[in-house]
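J.: The structure is given below, and queries will be raised subsequently.
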Amino acid sequence: MVNEFPQALSIAGSDSGGGAGMQADLKTMQMRHVFATTVLVAITAQNTLGVQDSMPLPPAMIDAQFASLNDDLQIRACKTGMLADVPTVECVVANLQKYDFGPVIVDPVMIAKGGAPLLADDAIEIVKKRLLPLATLITPNLPEAERLTGMQVESKEEMVTVGHRLQDLGAKNVLVKGGHFDQSGLAQDFVLLDNDESFWMTSPRFDTIRTHGTGDTISACITAELAKGVPLETAIRTGKAYVTATIRDGIEVGHGHGPLNHWAL
Ligand SMILES: Nc1ncnc2c1ncn2[C@@H]1O[C@H](COP(=O)(O)OP(=O)(O)O)[C@@H](O)[C@H]1O
Ligand SMILES: Cc1ncc(COP(=O)(O)OP(=O)(O)O)c(N)n1
């Protein structure tokens with residue numbers, strides 16, 4: 001097989017404000033020197049103040065995008081983001097079962113920072129039962145981890161327990177993001193690998209509201225690194241370092257939860 005330039009895929013919704021969703025994925029993958037491809041599943045009218053409107057795309061159009069990519073490109077890793085509703089989740093699951101786009105990183109996006117739902121309540125069960133077992137790595141924030149497992153997470157010990165519960169649900173590797181766990185001035189994430197090894201990733205917690213798109217950015221960075229052939233643990237550590245830099249070197253855009261600085265290194 002020809003050794004083509006590394007290519008990765010973002011399966012996600014569009015954030016018109018450019019800070020999260022597919023736009024954050026594209027910016028991140030570009031910065032990691034990986035050729036980014038996309039399957040757009042939903043459109044949001046969104047800015048740093050919130051989500052004003054959203055619309056899923058018809059499953060036939062999602063199928064068509066997957067088929068186009070499969071016919072031509074050599075995608076080595078993919079990630080999912082906003083998956084909107086039941087028909088969209090079912091469609092994405094069917095396509096991930098049909099085509100091999102390498103390791104699957106599942107960012108189980110549920111609610112935007114401003115509180116708008118990005119996944120219908122009745123779709124959560126399908127994510128749990130059908131998408132999680134396909135995941136090479138799942139990257140929930142704490143509210144998402146709680147929703148998927150039904151357990152409350154309020155301590156580091158419970159972050160470890162929830163990681164194991166998510167593995168029991170079928171995800172091979174788990175990154176429990178601690179951005180919503182504000183303790184001791186640190187941003188602490190827990191990683192559980194399929195060989196039973198685990199570790200914490202800790203960075204300073206920056207006192208800023210410019211954190212729109214952090215979840216997309218870390219998962220897109222990990223996906224890009226995997227597309228280059230980097231081992232999973234290294235890819236996850238690189239994701240943490242990159243997202244930390246994008247928050248640390250913040251830029252002023254918008255009047256609410258501002259976006260990250262994807263140029264940061
Ligand atoms: N204020 C912050 N300072 C430093 N790191 C942060 C901050 N907020 C989030 N992070 C980091 O950004 C990543 C995404 O975290 P999180 O906010 O939990 O996810 P999401 O964006 O999906 O809600 C994690 O690595 C987390 O530790
Ligand atoms: C279209 C779209 N997709 C995903 C998100 C959520 O992204 P995330 O990285 O979790 O960032 P926050 O919204 O939590 O800041 C989104 N807002 N829009």
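Letters A, B, ... mark the chains of the structure tokens in the order given; residue numbers begin at 1 per chain; ligand numbers begin at 1, in order shown.
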Kindly provide the residues of chain A that approach ligand 2 to within 6 Å, each paired with its closest atom pair and their distance in Å to one decimal, based on only C-alpha atoms and all ligand atoms, listed by chain and increasing number, as a tab-separated table.

T.:
```
residue	atom	partner	partner_atom_place_in_ligand_line	distance
A:Gly13	CA	ligand 2	1 (C)	4.0
A:Ser14	CA	ligand 2	1 (C)	4.5
A:Asp15	CA	ligand 2	1 (C)	4.3
A:Ala20	CA	ligand 2	7 (O)	4.8
A:Gly21	CA	ligand 2	3 (N)	3.4
A:Thr44	CA	ligand 2	1 (C)	5.8
A:Gly81	CA	ligand 2	4 (C)	5.9
A:Met82	CA	ligand 2	3 (N)	4.7
A:Val109	CA	ligand 2	10 (O)	5.9
A:Ala112	CA	ligand 2	13 (O)	3.8
A:Lys113	CA	ligand 2	14 (O)	4.2
A:Thr211	CA	ligand 2	15 (O)	5.7
A:His212	CA	ligand 2	15 (O)	3.2
A:Gly213	CA	ligand 2	9 (O)	3.3
A:Thr214	CA	ligand 2	9 (O)	4.5
A:Gly215	CA	ligand 2	9 (O)	3.5
A:Asp216	CA	ligand 2	9 (O)	3.8
```

J.: Go through the chains and note each residue within 10 Å of ligand 1, using only C-alpha atoms and all ligand atoms, then give the set as an mmCIF file with N, CA and C atoms, in the first residue's frame.

T.:
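Saved the output as out_16.cif:
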```cif
data_model
loop_
_atom_site.group_PDB
_atom_site.id
_atom_site.type_symbol
_atom_site.label_atom_id
_atom_site.label_comp_id
_atom_site.auth_asym_id
_atom_site.auth_seq_id
_atom_site.Cartn_x
_atom_site.Cartn_y
_atom_site.Cartn_z
ATOM 1 N N ALA A 20 -15.651 25.327 18.532
ATOM 2 C CA ALA A 20 -15.785 23.926 18.952
ATOM 3 C C ALA A 20 -16.168 23.078 17.735
ATOM 4 N N GLY A 81 -17.901 13.481 17.400
ATOM 5 C CA GLY A 81 -18.221 14.590 18.304
ATOM 6 C C GLY A 81 -19.720 14.668 18.489
ATOM 7 N N ASP A 107 -15.768 11.066 21.462
ATOM 8 C CA ASP A 107 -15.992 12.172 22.409
ATOM 9 C C ASP A 107 -17.517 12.262 22.563
ATOM 10 N N PRO A 108 -18.050 11.752 23.676
ATOM 11 C CA PRO A 108 -19.518 11.619 23.778
ATOM 12 C C PRO A 108 -20.198 12.945 24.123
ATOM 13 N N VAL A 109 -20.086 13.887 23.193
ATOM 14 C CA VAL A 109 -20.589 15.253 23.402
ATOM 15 C C VAL A 109 -22.088 15.228 23.706
ATOM 16 N N MET A 110 -22.489 15.863 24.801
ATOM 17 C CA MET A 110 -23.910 15.884 25.175
ATOM 18 C C MET A 110 -24.462 17.290 25.312
ATOM 19 N N ILE A 111 -23.712 18.165 26.012
ATOM 20 C CA ILE A 111 -24.238 19.499 26.320
ATOM 21 C C ILE A 111 -23.141 20.536 26.077
ATOM 22 N N ALA A 112 -23.475 21.633 25.394
ATOM 23 C CA ALA A 112 -22.499 22.707 25.166
ATOM 24 C C ALA A 112 -22.269 23.477 26.474
ATOM 25 N N LYS A 113 -21.152 24.216 26.523
ATOM 26 C CA LYS A 113 -20.809 24.962 27.759
ATOM 27 C C LYS A 113 -21.948 25.860 28.231
ATOM 28 N N THR A 139 -13.630 9.717 25.535
ATOM 29 C CA THR A 139 -13.067 10.895 26.215
ATOM 30 C C THR A 139 -14.169 11.752 26.853
ATOM 31 N N PRO A 140 -14.914 11.205 27.823
ATOM 32 C CA PRO A 140 -15.999 11.990 28.418
ATOM 33 C C PRO A 140 -15.497 13.053 29.388
ATOM 34 N N ASN A 141 -16.246 14.165 29.486
ATOM 35 C CA ASN A 141 -16.045 15.057 30.626
ATOM 36 C C ASN A 141 -16.850 14.472 31.789
ATOM 37 N N LEU A 142 -16.793 15.092 32.960
ATOM 38 C CA LEU A 142 -17.430 14.446 34.121
ATOM 39 C C LEU A 142 -18.952 14.301 33.987
ATOM 40 N N PRO A 143 -19.684 15.355 33.549
ATOM 41 C CA PRO A 143 -21.133 15.157 33.381
ATOM 42 C C PRO A 143 -21.463 14.029 32.390
ATOM 43 N N GLU A 144 -20.659 13.901 31.328
ATOM 44 C CA GLU A 144 -20.909 12.829 30.345
ATOM 45 C C GLU A 144 -20.615 11.455 30.952
ATOM 46 N N LEU A 175 -10.342 8.090 28.746
ATOM 47 C CA LEU A 175 -9.771 9.334 29.262
ATOM 48 C C LEU A 175 -10.910 10.094 29.939
ATOM 49 N N VAL A 176 -10.883 10.142 31.273
ATOM 50 C CA VAL A 176 -11.904 10.890 32.025
ATOM 51 C C VAL A 176 -11.351 12.297 32.229
ATOM 52 N N LYS A 177 -11.967 13.278 31.540
ATOM 53 C CA LYS A 177 -11.452 14.645 31.582
ATOM 54 C C LYS A 177 -11.960 15.355 32.843
ATOM 55 N N GLY A 178 -11.051 16.049 33.495
ATOM 56 C CA GLY A 178 -11.411 16.660 34.777
ATOM 57 C C GLY A 178 -11.617 18.163 34.725
ATOM 58 N N GLY A 179 -11.898 18.704 33.544
ATOM 59 C CA GLY A 179 -12.104 20.155 33.425
ATOM 60 C C GLY A 179 -13.221 20.675 34.305
ATOM 61 N N HIS A 180 -14.223 19.821 34.596
ATOM 62 C CA HIS A 180 -15.367 20.244 35.405
ATOM 63 C C HIS A 180 -15.153 19.952 36.895
ATOM 64 N N PHE A 181 -13.962 19.457 37.250
ATOM 65 C CA PHE A 181 -13.678 19.072 38.631
ATOM 66 C C PHE A 181 -12.689 20.085 39.197
ATOM 67 N N ASP A 182 -13.244 21.154 39.802
ATOM 68 C CA ASP A 182 -12.411 22.289 40.182
ATOM 69 C C ASP A 182 -11.895 22.123 41.602
ATOM 70 N N GLY A 185 -6.719 24.002 42.226
ATOM 71 C CA GLY A 185 -6.080 24.809 41.183
ATOM 72 C C GLY A 185 -5.451 24.004 40.068
ATOM 73 N N LEU A 186 -5.871 22.748 39.932
ATOM 74 C CA LEU A 186 -5.294 21.896 38.896
ATOM 75 C C LEU A 186 -6.377 21.402 37.938
ATOM 76 N N ALA A 187 -5.970 21.072 36.729
ATOM 77 C CA ALA A 187 -6.874 20.407 35.780
ATOM 78 C C ALA A 187 -6.348 18.981 35.639
ATOM 79 N N GLN A 188 -7.049 18.037 36.254
ATOM 80 C CA GLN A 188 -6.534 16.668 36.359
ATOM 81 C C GLN A 188 -7.407 15.700 35.573
ATOM 82 N N ASP A 189 -6.785 14.950 34.685
ATOM 83 C CA ASP A 189 -7.495 13.958 33.868
ATOM 84 C C ASP A 189 -6.979 12.562 34.216
ATOM 85 N N PHE A 190 -7.883 11.579 34.179
ATOM 86 C CA PHE A 190 -7.495 10.203 34.505
ATOM 87 C C PHE A 190 -7.559 9.340 33.241
ATOM 88 N N MET A 201 -3.014 12.841 34.387
ATOM 89 C CA MET A 201 -2.349 13.934 33.664
ATOM 90 C C MET A 201 -2.798 15.228 34.347
ATOM 91 N N THR A 202 -1.828 16.000 34.797
ATOM 92 C CA THR A 202 -2.148 17.177 35.597
ATOM 93 C C THR A 202 -1.519 18.414 34.986
ATOM 94 N N SER A 203 -2.301 19.481 34.929
ATOM 95 C CA SER A 203 -1.766 20.768 34.462
ATOM 96 C C SER A 203 -2.283 21.849 35.401
ATOM 97 N N PRO A 204 -1.698 23.057 35.333
ATOM 98 C CA PRO A 204 -2.296 24.154 36.099
ATOM 99 C C PRO A 204 -3.707 24.404 35.563
ATOM 100 N N ARG A 205 -4.612 24.844 36.440
ATOM 101 C CA ARG A 205 -5.952 25.254 35.987
ATOM 102 C C ARG A 205 -5.920 26.760 35.733
ATOM 103 N N PHE A 206 -6.224 27.179 34.519
ATOM 104 C CA PHE A 206 -6.197 28.602 34.181
ATOM 105 C C PHE A 206 -7.555 29.217 34.497
ATOM 106 N N ASP A 207 -7.520 30.370 35.120
ATOM 107 C CA ASP A 207 -8.743 31.056 35.541
ATOM 108 C C ASP A 207 -9.274 31.872 34.356
ATOM 109 N N THR A 208 -10.028 31.229 33.478
ATOM 110 C CA THR A 208 -10.499 31.876 32.259
ATOM 111 C C THR A 208 -11.832 31.273 31.833
ATOM 112 N N ILE A 209 -12.661 32.075 31.141
ATOM 113 C CA ILE A 209 -13.867 31.463 30.553
ATOM 114 C C ILE A 209 -13.623 31.135 29.077
ATOM 115 N N ARG A 210 -12.396 31.347 28.613
ATOM 116 C CA ARG A 210 -12.080 31.044 27.201
ATOM 117 C C ARG A 210 -11.684 29.579 27.070
ATOM 118 N N THR A 211 -12.669 28.717 27.262
ATOM 119 C CA THR A 211 -12.429 27.260 27.206
ATOM 120 C C THR A 211 -13.423 26.561 26.265
ATOM 121 N N HIS A 212 -13.994 27.312 25.344
ATOM 122 C CA HIS A 212 -14.957 26.717 24.408
ATOM 123 C C HIS A 212 -14.206 25.817 23.416
ATOM 124 N N GLY A 213 -14.561 24.543 23.410
ATOM 125 C CA GLY A 213 -13.932 23.625 22.471
ATOM 126 C C GLY A 213 -12.776 22.817 23.039
ATOM 127 N N THR A 214 -12.601 22.835 24.365
ATOM 128 C CA THR A 214 -11.476 22.085 24.951
ATOM 129 C C THR A 214 -11.599 20.579 24.694
ATOM 130 N N GLY A 215 -12.831 20.064 24.849
ATOM 131 C CA GLY A 215 -13.043 18.625 24.661
ATOM 132 C C GLY A 215 -12.775 18.204 23.228
ATOM 133 N N ASP A 216 -13.261 19.009 22.294
ATOM 134 C CA ASP A 216 -13.020 18.691 20.870
ATOM 135 C C ASP A 216 -11.536 18.739 20.573
ATOM 136 N N THR A 217 -10.878 19.730 21.131
ATOM 137 C CA THR A 217 -9.465 19.940 20.795
ATOM 138 C C THR A 217 -8.588 18.798 21.297
ATOM 139 N N ILE A 218 -8.797 18.357 22.540
ATOM 140 C CA ILE A 218 -7.942 17.264 23.048
ATOM 141 C C ILE A 218 -8.218 15.975 22.265
ATOM 142 N N SER A 219 -9.486 15.704 21.965
ATOM 143 C CA SER A 219 -9.781 14.450 21.249
ATOM 144 C C SER A 219 -9.303 14.514 19.800
ATOM 145 N N ILE A 236 -2.193 10.553 23.818
ATOM 146 C CA ILE A 236 -3.034 11.150 24.865
ATOM 147 C C ILE A 236 -2.258 12.232 25.612
ATOM 148 N N ARG A 237 -0.987 11.955 25.925
ATOM 149 C CA ARG A 237 -0.174 12.961 26.639
ATOM 150 C C ARG A 237 0.042 14.203 25.765
ATOM 151 N N GLY A 239 -2.075 15.247 23.513
ATOM 152 C CA GLY A 239 -3.375 15.935 23.521
ATOM 153 C C GLY A 239 -3.518 16.843 24.726
ATOM 154 N N LYS A 240 -3.126 16.337 25.892
ATOM 155 C CA LYS A 240 -3.214 17.136 27.125
ATOM 156 C C LYS A 240 -2.290 18.361 27.039
ATOM 157 N N ALA A 241 -1.056 18.135 26.571
ATOM 158 C CA ALA A 241 -0.104 19.256 26.477
ATOM 159 C C ALA A 241 -0.624 20.310 25.503
ATOM 160 N N TYR A 242 -1.193 19.850 24.387
ATOM 161 C CA TYR A 242 -1.673 20.805 23.370
ATOM 162 C C TYR A 242 -2.866 21.605 23.892
ATOM 163 N N VAL A 243 -3.863 20.918 24.487
ATOM 164 C CA VAL A 243 -5.048 21.663 24.947
ATOM 165 C C VAL A 243 -4.655 22.637 26.056
ATOM 166 N N THR A 244 -3.715 22.239 26.903
ATOM 167 C CA THR A 244 -3.248 23.138 27.971
ATOM 168 C C THR A 244 -2.655 24.417 27.369
ATOM 169 N N ALA A 245 -1.836 24.251 26.326
ATOM 170 C CA ALA A 245 -1.219 25.425 25.688
ATOM 171 C C ALA A 245 -2.277 26.319 25.042
ATOM 172 N N THR A 246 -3.310 25.709 24.442
ATOM 173 C CA THR A 246 -4.336 26.517 23.757
ATOM 174 C C THR A 246 -5.168 27.328 24.755
ATOM 175 N N ILE A 247 -5.295 26.828 25.984
ATOM 176 C CA ILE A 247 -6.014 27.593 27.029
ATOM 177 C C ILE A 247 -5.075 28.655 27.607
ATOM 178 N N ARG A 248 -3.845 28.237 27.901
ATOM 179 C CA ARG A 248 -2.845 29.137 28.526
ATOM 180 C C ARG A 248 -2.610 30.391 27.684
#
```

J.: Rounded to one decimal place, report the atom CA of A:Gln167-atom CA of A:Ala42 distance in Å.

T.: 28.1 Å

J.: Could you tell me which of A:Ala227, A:Cys221, A:Ile105, A:Leu148 comes closest to A:Glu4 if we count only C-alpha atoms?

T.: A:Ala227

J.: Among stretch 13-196 of chain A, which ones does DSSP assign to strand (DSSP E) (computed from the backbone)? Answer as a PyMOL selection string.

T.: chain A and resi 13-15+35-47+50-56+75-80+104-106+137-138+173-176+186-192

J.: Quick check for you: according to DSSP on this backbone, which residues of stretch 27-209 of chain A are classed as helix (DSSP H, G or I)? Reply as a PyMOL selection string.

T.: chain A and resi 27-31+59-72+86-98+121-134+142-149+156-168

J.: Fewer than 4 positions away in the same chain doesn't count, so skip those; otherwise give me all residues within 9 Å of A:Thr234, counting only C-alpha atoms, as number ranges by chain.

T.: A: 222, 225, 230, 238-239

J.: What's the separation between atom CA of A:Gly102 and atom CA of A:Lys128, in Å to one decimal place?

T.: 20.3 Å

J.: What's around A:Arg130 at 9 Å? Count only C-alpha atoms, leave out sequence neighbours fewer than 3 positions away in its own chain, and write the answer as a VMD selection string.

T.: chain A and resid 89 to 90 93 125 to 127 133 to 134

J.: Those same residues - N, CA and C atoms - I'd like them written as a JSON list (two decimals), in the first residue's frame.

T.:
```json
[["chain", "number", "residue", "atom", "x", "y", "z"],
["A", 89, "VAL", "N", -26.96, 8.87, 15.35],
["A", 89, "VAL", "CA", -26.07, 7.91, 16.04],
["A", 89, "VAL", "C", -26.14, 6.56, 15.33],
["A", 90, "GLU", "N", -27.34, 6.12, 14.99],
["A", 90, "GLU", "CA", -27.48, 4.82, 14.32],
["A", 90, "GLU", "C", -26.75, 4.81, 12.98],
["A", 93, "VAL", "N", -22.92, 4.73, 13.61],
["A", 93, "VAL", "CA", -22.52, 3.39, 14.06],
["A", 93, "VAL", "C", -22.47, 2.43, 12.86],
["A", 125, "GLU", "N", -28.67, 6.19, 25.25],
["A", 125, "GLU", "CA", -28.66, 4.73, 25.41],
["A", 125, "GLU", "C", -28.01, 4.04, 24.20],
["A", 126, "ILE", "N", -28.23, 4.62, 23.03],
["A", 126, "ILE", "CA", -27.65, 4.01, 21.81],
["A", 126, "ILE", "C", -26.14, 4.27, 21.75],
["A", 127, "VAL", "N", -25.74, 5.45, 22.19],
["A", 127, "VAL", "CA", -24.30, 5.73, 22.29],
["A", 127, "VAL", "C", -23.66, 4.68, 23.20],
["A", 133, "PRO", "N", -18.88, 0.26, 22.39],
["A", 133, "PRO", "CA", -18.11, -0.95, 22.08],
["A", 133, "PRO", "C", -17.20, -0.81, 20.85],
["A", 134, "LEU", "N", -17.43, 0.23, 20.03],
["A", 134, "LEU", "CA", -16.56, 0.44, 18.86],
["A", 134, "LEU", "C", -15.38, 1.35, 19.19]]
```

J.: Any idea what's packed within 12 Å of A:Met55, counting only C-alpha atoms, ignoring anything in its chain fewer than 3 positions away? Could you give it as a PyMOL selection string?

T.: chain A and resi 13-15+40-46+51-52+58+82-85+88+117-120

J.: Just write the chosen residues, C-alpha atoms, as a compact mmCIF listing (two decimals), in the first residue's frame.

T.:
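Writing the result to part_0.txt gives the following:
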```txt
# COMPACT_ATOMS: atom_id res chain seq x y z
CA GLY A 13 -21.39 18.96 13.97
CA SER A 14 -20.49 22.41 12.70
CA ASP A 15 -20.03 25.31 15.18
CA LEU A 40 -20.69 16.62 8.81
CA VAL A 41 -23.69 15.25 10.73
CA ALA A 42 -25.36 18.42 12.04
CA ILE A 43 -25.26 22.19 11.75
CA THR A 44 -25.47 24.57 14.68
CA ALA A 45 -26.02 28.32 14.68
CA GLN A 46 -23.63 29.02 17.54
CA VAL A 51 -26.25 27.73 20.63
CA GLN A 52 -29.08 29.60 18.91
CA PRO A 58 -30.37 13.49 6.72
CA MET A 82 -21.77 15.99 18.38
CA LEU A 83 -24.12 13.25 17.16
CA ALA A 84 -27.44 15.09 17.61
CA ASP A 85 -30.13 12.38 17.72
CA THR A 88 -27.66 10.17 13.41
CA PRO A 117 -28.25 19.95 24.40
CA LEU A 118 -26.17 18.56 21.52
CA LEU A 119 -27.40 14.96 21.91
CA ALA A 120 -31.06 13.98 22.38
```

J.: With only C-alpha atoms as the counted atoms, please give the residues lying no more than 10 Å from A:Thr149, apart from itself and same-chain residues fewer than 6 positions off, as a list in words.

T.: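 Listed by chain and then number, they are Lys128, Val162, Gly163, Arg165, Leu166, Asp168 and Leu169 of chain A.
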
J.: For those residues, write C-alpha atoms to a file as a short mmCIF file (atom, residue, chain, number, x, y, z; two decimals), in the first residue's frame.

T.:
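As written to disk, part_33.cif reads:
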```
data_model
loop_
_atom_site.label_atom_id
_atom_site.label_comp_id
_atom_site.auth_asym_id
_atom_site.auth_seq_id
_atom_site.Cartn_x
_atom_site.Cartn_y
_atom_site.Cartn_z
CA LYS A 128 -23.81 3.53 25.35
CA VAL A 162 -16.06 5.72 36.59
CA GLY A 163 -13.15 4.94 34.24
CA ARG A 165 -17.29 1.38 34.63
CA LEU A 166 -16.81 2.89 31.16
CA ASP A 168 -17.04 -2.40 31.49
CA LEU A 169 -19.44 -0.79 29.01
#
```

J.: For A:Cys91, find every residue with an atom within 8 Å (counting only C-alpha atoms), except residues of its own chain fewer than 3 positions away, and show them as a list of chain:residue names.

T.: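 Those residues are A:Pro59, A:Ile62, A:Asp63, A:Pro87, A:Thr88, A:Ala94, A:Asn95.
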
J.: Pick out the closest residue to A:Val104 from this set: A:Ser10, A:Ser68, A:Gln152, A:Gln74. Count only C-alpha atoms.

T.: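 Answer, going by the shortest atom-to-atom distance: A:Ser10.
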